[in-house]
Amino acid sequence: MKSISILFLLAAFSLQAAVTSAEMASIKIVSPAENQRIEVGEEYQLVYEVTPGPGGDHFHVWVDGQRGPGVHDSKGVYTLPRLIFGVHDVTLKVVDKAHIPTGPQKSIKLNAQ
């Protein structure tokens with residue numbers, strides 16, 4: 001009976017640890033803001049904070065469906081490509097070493113005028 005109690009406690013602790021680490025995955029786009037109006041052809045910095053969470057190795061910035069290079073810094077600045085007139089989608093996706101998304105992602109729209 002004592003060994004069953006110990007196994008139950010170990011299982012409960014393992015489940016709690018898995019839930020806690022999964023909750024730790026996060027992506028925050030500090031700037032630019034959602035729907036921010038930007039100048040056509042100008043250079044803008046994407047300021048981010050990323051916690052890859054379980055299975056995540058790095059992230060990519062996607063602009064209008066085009067994947068940028070992998071980023072391994074959890075906090076920093078990424079230079080966005082110069083954008084033409086119109087609304088643009090910017091998405092950060094956490095991926096594993098094989099570049100398969102692990103779940104966390106965050107998107108904003110930018111309005112280039």
# chains A, B, ... in the order shown; residues from 1 in each chain; ligands from 1
$ residues_around --residues "Phe59 (chain A)" --least-positions-apart "2" --cutoff "8 Å" --atoms "only C-alpha atoms" --output "list of chain:residue names"
A:Pro52, A:Gly56, A:Asp57, A:Val61, A:Gly70, A:Val71, A:His72, A:Leu92, A:Lys93, A:Val94, A:Val95
$ atom_distance --atom1 "CA of Phe85 (chain A)" --atom2 "CA of Val63 (chain A)"
13.9 Å
$ residues_around --residues "region 87-91 of chain A" --least-positions-apart "4" --cutoff "9 Å" --atoms "only C-alpha atoms" --output "PyMOL selection string"
chain A and resi 35+60-65+80+83+105-113
$ write_last_selection --atoms "C-alpha atoms" --output "PDB file, in the first residue's frame"
ATOM      1  CA  ASN A  35      -2.344  47.552 -36.405  1.00  0.00           C
ATOM      2  CA  HIS A  60      11.175  32.259 -36.715  1.00  0.00           C
ATOM      3  CA  VAL A  61       9.644  35.549 -37.767  1.00  0.00           C
ATOM      4  CA  TRP A  62       7.228  35.177 -40.678  1.00  0.00           C
ATOM      5  CA  VAL A  63       6.293  38.264 -42.701  1.00  0.00           C
ATOM      6  CA  ASP A  64       3.407  37.769 -45.124  1.00  0.00           C
ATOM      7  CA  GLY A  65       4.008  34.020 -45.174  1.00  0.00           C
ATOM      8  CA  LEU A  80      11.813  43.615 -40.216  1.00  0.00           C
ATOM      9  CA  LEU A  83       7.431  46.804 -46.374  1.00  0.00           C
ATOM     10  CA  GLN A 105       2.906  31.682 -31.857  1.00  0.00           C
ATOM     11  CA  LYS A 106       1.883  35.333 -31.884  1.00  0.00           C
ATOM     12  CA  SER A 107       0.801  37.527 -34.797  1.00  0.00           C
ATOM     13  CA  ILE A 108       0.264  41.217 -35.422  1.00  0.00           C
ATOM     14  CA  LYS A 109      -0.779  43.222 -38.447  1.00  0.00           C
ATOM     15  CA  LEU A 110       1.110  46.308 -39.636  1.00  0.00           C
ATOM     16  CA  ASN A 111      -0.336  48.942 -41.929  1.00  0.00           C
ATOM     17  CA  ALA A 112       2.307  50.388 -44.264  1.00  0.00           C
ATOM     18  CA  GLN A 113       1.333  53.782 -45.713  1.00  0.00           C
TER      19      GLN A 113
END
$ residues_around --residues "Ile29 (chain A)" --least-positions-apart "4" --cutoff "8 Å" --atoms "only C-alpha atoms" --output "mmCIF file with N, CA and C atoms, in the first residue's frame"
data_model
loop_
_atom_site.group_PDB
_atom_site.id
_atom_site.type_symbol
_atom_site.label_atom_id
_atom_site.label_comp_id
_atom_site.auth_asym_id
_atom_site.auth_seq_id
_atom_site.Cartn_x
_atom_site.Cartn_y
_atom_site.Cartn_z
ATOM 1 N N ALA A 33 3.163 47.827 -32.245
ATOM 2 C CA ALA A 33 1.851 47.450 -31.726
ATOM 3 C C ALA A 33 0.972 46.874 -32.831
ATOM 4 N N LEU A 46 11.414 44.899 -34.622
ATOM 5 C CA LEU A 46 10.464 44.095 -33.870
ATOM 6 C C LEU A 46 11.132 43.774 -32.534
ATOM 7 N N VAL A 47 10.561 44.246 -31.455
ATOM 8 C CA VAL A 47 11.098 43.982 -30.117
ATOM 9 C C VAL A 47 10.268 42.843 -29.532
ATOM 10 N N TYR A 48 10.953 41.800 -29.060
ATOM 11 C CA TYR A 48 10.251 40.587 -28.643
ATOM 12 C C TYR A 48 10.805 40.020 -27.346
ATOM 13 N N GLU A 49 9.987 39.166 -26.726
ATOM 14 C CA GLU A 49 10.380 38.345 -25.576
ATOM 15 C C GLU A 49 9.760 36.972 -25.805
ATOM 16 N N LYS A 106 2.542 34.042 -32.120
ATOM 17 C CA LYS A 106 1.883 35.333 -31.884
ATOM 18 C C LYS A 106 1.965 36.121 -33.185
#
$ select_by_dssp --residues "region 9-109 of chain A" --states "strand (DSSP E or B)" --output "VMD selection string"
chain A and resid 26 to 31 36 to 38 45 to 51 58 to 63 66 to 71 75 to 79 86 to 95 101 to 109
$ write_last_selection --atoms "N, CA and C atoms" --output "short mmCIF file (atom, residue, chain, number, x, y, z; two decimals), in the first residue's frame"
data_model
loop_
_atom_site.label_atom_id
_atom_site.label_comp_id
_atom_site.auth_asym_id
_atom_site.auth_seq_id
_atom_site.Cartn_x
_atom_site.Cartn_y
_atom_site.Cartn_z
N SER A 26 5.85 31.15 -23.97
CA SER A 26 5.15 32.40 -24.25
C SER A 26 5.88 33.21 -25.32
N ILE A 27 5.11 34.06 -25.98
CA ILE A 27 5.66 35.00 -26.96
C ILE A 27 5.02 36.35 -26.69
N LYS A 28 5.86 37.37 -26.57
CA LYS A 28 5.36 38.73 -26.39
C LYS A 28 6.01 39.61 -27.44
N ILE A 29 5.19 40.29 -28.23
CA ILE A 29 5.69 41.29 -29.17
C ILE A 29 5.54 42.63 -28.45
N VAL A 30 6.69 43.18 -28.06
CA VAL A 30 6.70 44.44 -27.31
C VAL A 30 6.37 45.61 -28.24
N SER A 31 6.98 45.61 -29.40
CA SER A 31 6.69 46.62 -30.42
C SER A 31 7.14 46.09 -31.78
N GLN A 36 -0.34 48.87 -36.02
CA GLN A 36 0.43 50.12 -36.06
C GLN A 36 0.62 50.58 -37.50
N ARG A 37 0.50 51.87 -37.70
CA ARG A 37 0.74 52.46 -39.02
C ARG A 37 2.23 52.75 -39.13
N ILE A 38 2.84 52.26 -40.22
CA ILE A 38 4.27 52.46 -40.44
C ILE A 38 4.47 53.09 -41.81
N GLN A 45 12.05 47.93 -36.22
CA GLN A 45 12.56 46.90 -35.32
C GLN A 45 11.39 46.21 -34.62
N LEU A 46 11.41 44.90 -34.62
CA LEU A 46 10.46 44.10 -33.87
C LEU A 46 11.13 43.77 -32.53
N VAL A 47 10.56 44.25 -31.45
CA VAL A 47 11.10 43.98 -30.12
C VAL A 47 10.27 42.84 -29.53
N TYR A 48 10.95 41.80 -29.06
CA TYR A 48 10.25 40.59 -28.64
C TYR A 48 10.80 40.02 -27.35
N GLU A 49 9.99 39.17 -26.73
CA GLU A 49 10.38 38.34 -25.58
C GLU A 49 9.76 36.97 -25.80
N VAL A 50 10.59 35.94 -25.92
CA VAL A 50 10.11 34.60 -26.23
C VAL A 50 10.64 33.60 -25.21
N THR A 51 9.74 32.79 -24.68
CA THR A 51 10.10 31.64 -23.86
C THR A 51 9.63 30.41 -24.62
N HIS A 58 13.96 27.33 -30.85
CA HIS A 58 14.16 28.70 -31.32
C HIS A 58 12.85 29.16 -31.97
N PHE A 59 12.87 30.33 -32.58
CA PHE A 59 11.67 30.79 -33.27
C PHE A 59 12.04 31.44 -34.59
N HIS A 60 11.02 31.58 -35.44
CA HIS A 60 11.18 32.26 -36.71
C HIS A 60 10.18 33.40 -36.78
N VAL A 61 10.56 34.45 -37.49
CA VAL A 61 9.64 35.55 -37.77
C VAL A 61 9.16 35.37 -39.20
N TRP A 62 7.86 35.30 -39.36
CA TRP A 62 7.23 35.18 -40.68
C TRP A 62 6.61 36.53 -41.03
N VAL A 63 6.90 37.03 -42.22
CA VAL A 63 6.29 38.26 -42.70
C VAL A 63 5.56 37.93 -43.99
N GLN A 66 6.37 34.56 -45.45
CA GLN A 66 7.77 34.27 -45.75
C GLN A 66 8.56 34.12 -44.45
N ARG A 67 9.18 32.96 -44.30
CA ARG A 67 9.93 32.67 -43.07
C ARG A 67 11.30 33.33 -43.09
N GLY A 68 11.61 33.99 -41.98
CA GLY A 68 12.94 34.57 -41.80
C GLY A 68 13.86 33.56 -41.13
N PRO A 69 15.12 33.94 -40.91
CA PRO A 69 16.08 33.03 -40.27
C PRO A 69 15.69 32.72 -38.82
N GLY A 70 16.21 31.62 -38.31
CA GLY A 70 15.95 31.23 -36.92
C GLY A 70 16.59 32.21 -35.94
N VAL A 71 15.89 32.45 -34.85
CA VAL A 71 16.37 33.34 -33.81
C VAL A 71 16.46 32.55 -32.51
N LYS A 75 15.22 37.29 -25.89
CA LYS A 75 14.77 38.67 -25.76
C LYS A 75 15.66 39.52 -26.65
N GLY A 76 15.04 40.40 -27.43
CA GLY A 76 15.88 41.22 -28.28
C GLY A 76 15.12 41.98 -29.34
N VAL A 77 15.85 42.25 -30.43
CA VAL A 77 15.34 43.06 -31.52
C VAL A 77 15.60 42.34 -32.83
N TYR A 78 14.61 42.33 -33.70
CA TYR A 78 14.71 41.72 -35.02
C TYR A 78 14.34 42.79 -36.05
N THR A 79 15.19 42.98 -37.06
CA THR A 79 14.91 43.98 -38.08
C THR A 79 13.96 43.40 -39.12
N GLY A 86 0.33 48.70 -47.82
CA GLY A 86 -0.69 47.70 -47.53
C GLY A 86 -0.59 47.16 -46.11
N VAL A 87 -1.46 46.19 -45.83
CA VAL A 87 -1.50 45.54 -44.52
C VAL A 87 -0.62 44.28 -44.59
N HIS A 88 0.19 44.09 -43.57
CA HIS A 88 1.15 42.97 -43.53
C HIS A 88 0.98 42.18 -42.24
N ASP A 89 1.12 40.86 -42.37
CA ASP A 89 1.06 39.95 -41.23
C ASP A 89 2.47 39.62 -40.76
N VAL A 90 2.72 39.80 -39.48
CA VAL A 90 4.00 39.44 -38.85
C VAL A 90 3.69 38.41 -37.78
N THR A 91 4.32 37.23 -37.87
CA THR A 91 4.05 36.13 -36.94
C THR A 91 5.36 35.58 -36.40
N LEU A 92 5.42 35.35 -35.10
CA LEU A 92 6.53 34.65 -34.47
C LEU A 92 6.03 33.25 -34.14
N LYS A 93 6.81 32.23 -34.54
CA LYS A 93 6.45 30.83 -34.27
C LYS A 93 7.63 30.13 -33.60
N VAL A 94 7.36 29.51 -32.46
CA VAL A 94 8.38 28.70 -31.79
C VAL A 94 8.43 27.34 -32.49
N VAL A 95 9.65 26.86 -32.76
CA VAL A 95 9.84 25.58 -33.45
C VAL A 95 10.89 24.75 -32.71
N PRO A 101 6.76 23.49 -35.78
CA PRO A 101 6.17 24.33 -34.73
C PRO A 101 5.78 23.51 -33.49
N THR A 102 6.05 24.08 -32.32
CA THR A 102 5.74 23.40 -31.07
C THR A 102 4.47 23.95 -30.41
N GLY A 103 3.85 24.92 -31.05
CA GLY A 103 2.59 25.44 -30.53
C GLY A 103 2.56 26.94 -30.35
N PRO A 104 3.46 27.49 -29.53
CA PRO A 104 3.37 28.93 -29.28
C PRO A 104 3.61 29.76 -30.54
N GLN A 105 2.70 30.72 -30.79
CA GLN A 105 2.91 31.68 -31.86
C GLN A 105 2.11 32.93 -31.54
N LYS A 106 2.54 34.04 -32.12
CA LYS A 106 1.88 35.33 -31.88
C LYS A 106 1.96 36.12 -33.18
N SER A 107 0.86 36.76 -33.56
CA SER A 107 0.80 37.53 -34.80
C SER A 107 0.31 38.94 -34.55
N ILE A 108 0.78 39.86 -35.37
CA ILE A 108 0.26 41.22 -35.42
C ILE A 108 0.13 41.62 -36.88
N LYS A 109 -0.65 42.64 -37.11
CA LYS A 109 -0.78 43.22 -38.45
C LYS A 109 -0.15 44.62 -38.39
#
$ closest_residue --among "A:Pro81, A:Ser74, A:Val40, A:Gly55" --to "Ala98 (chain A)" --atoms "only C-alpha atoms"
A:Gly55
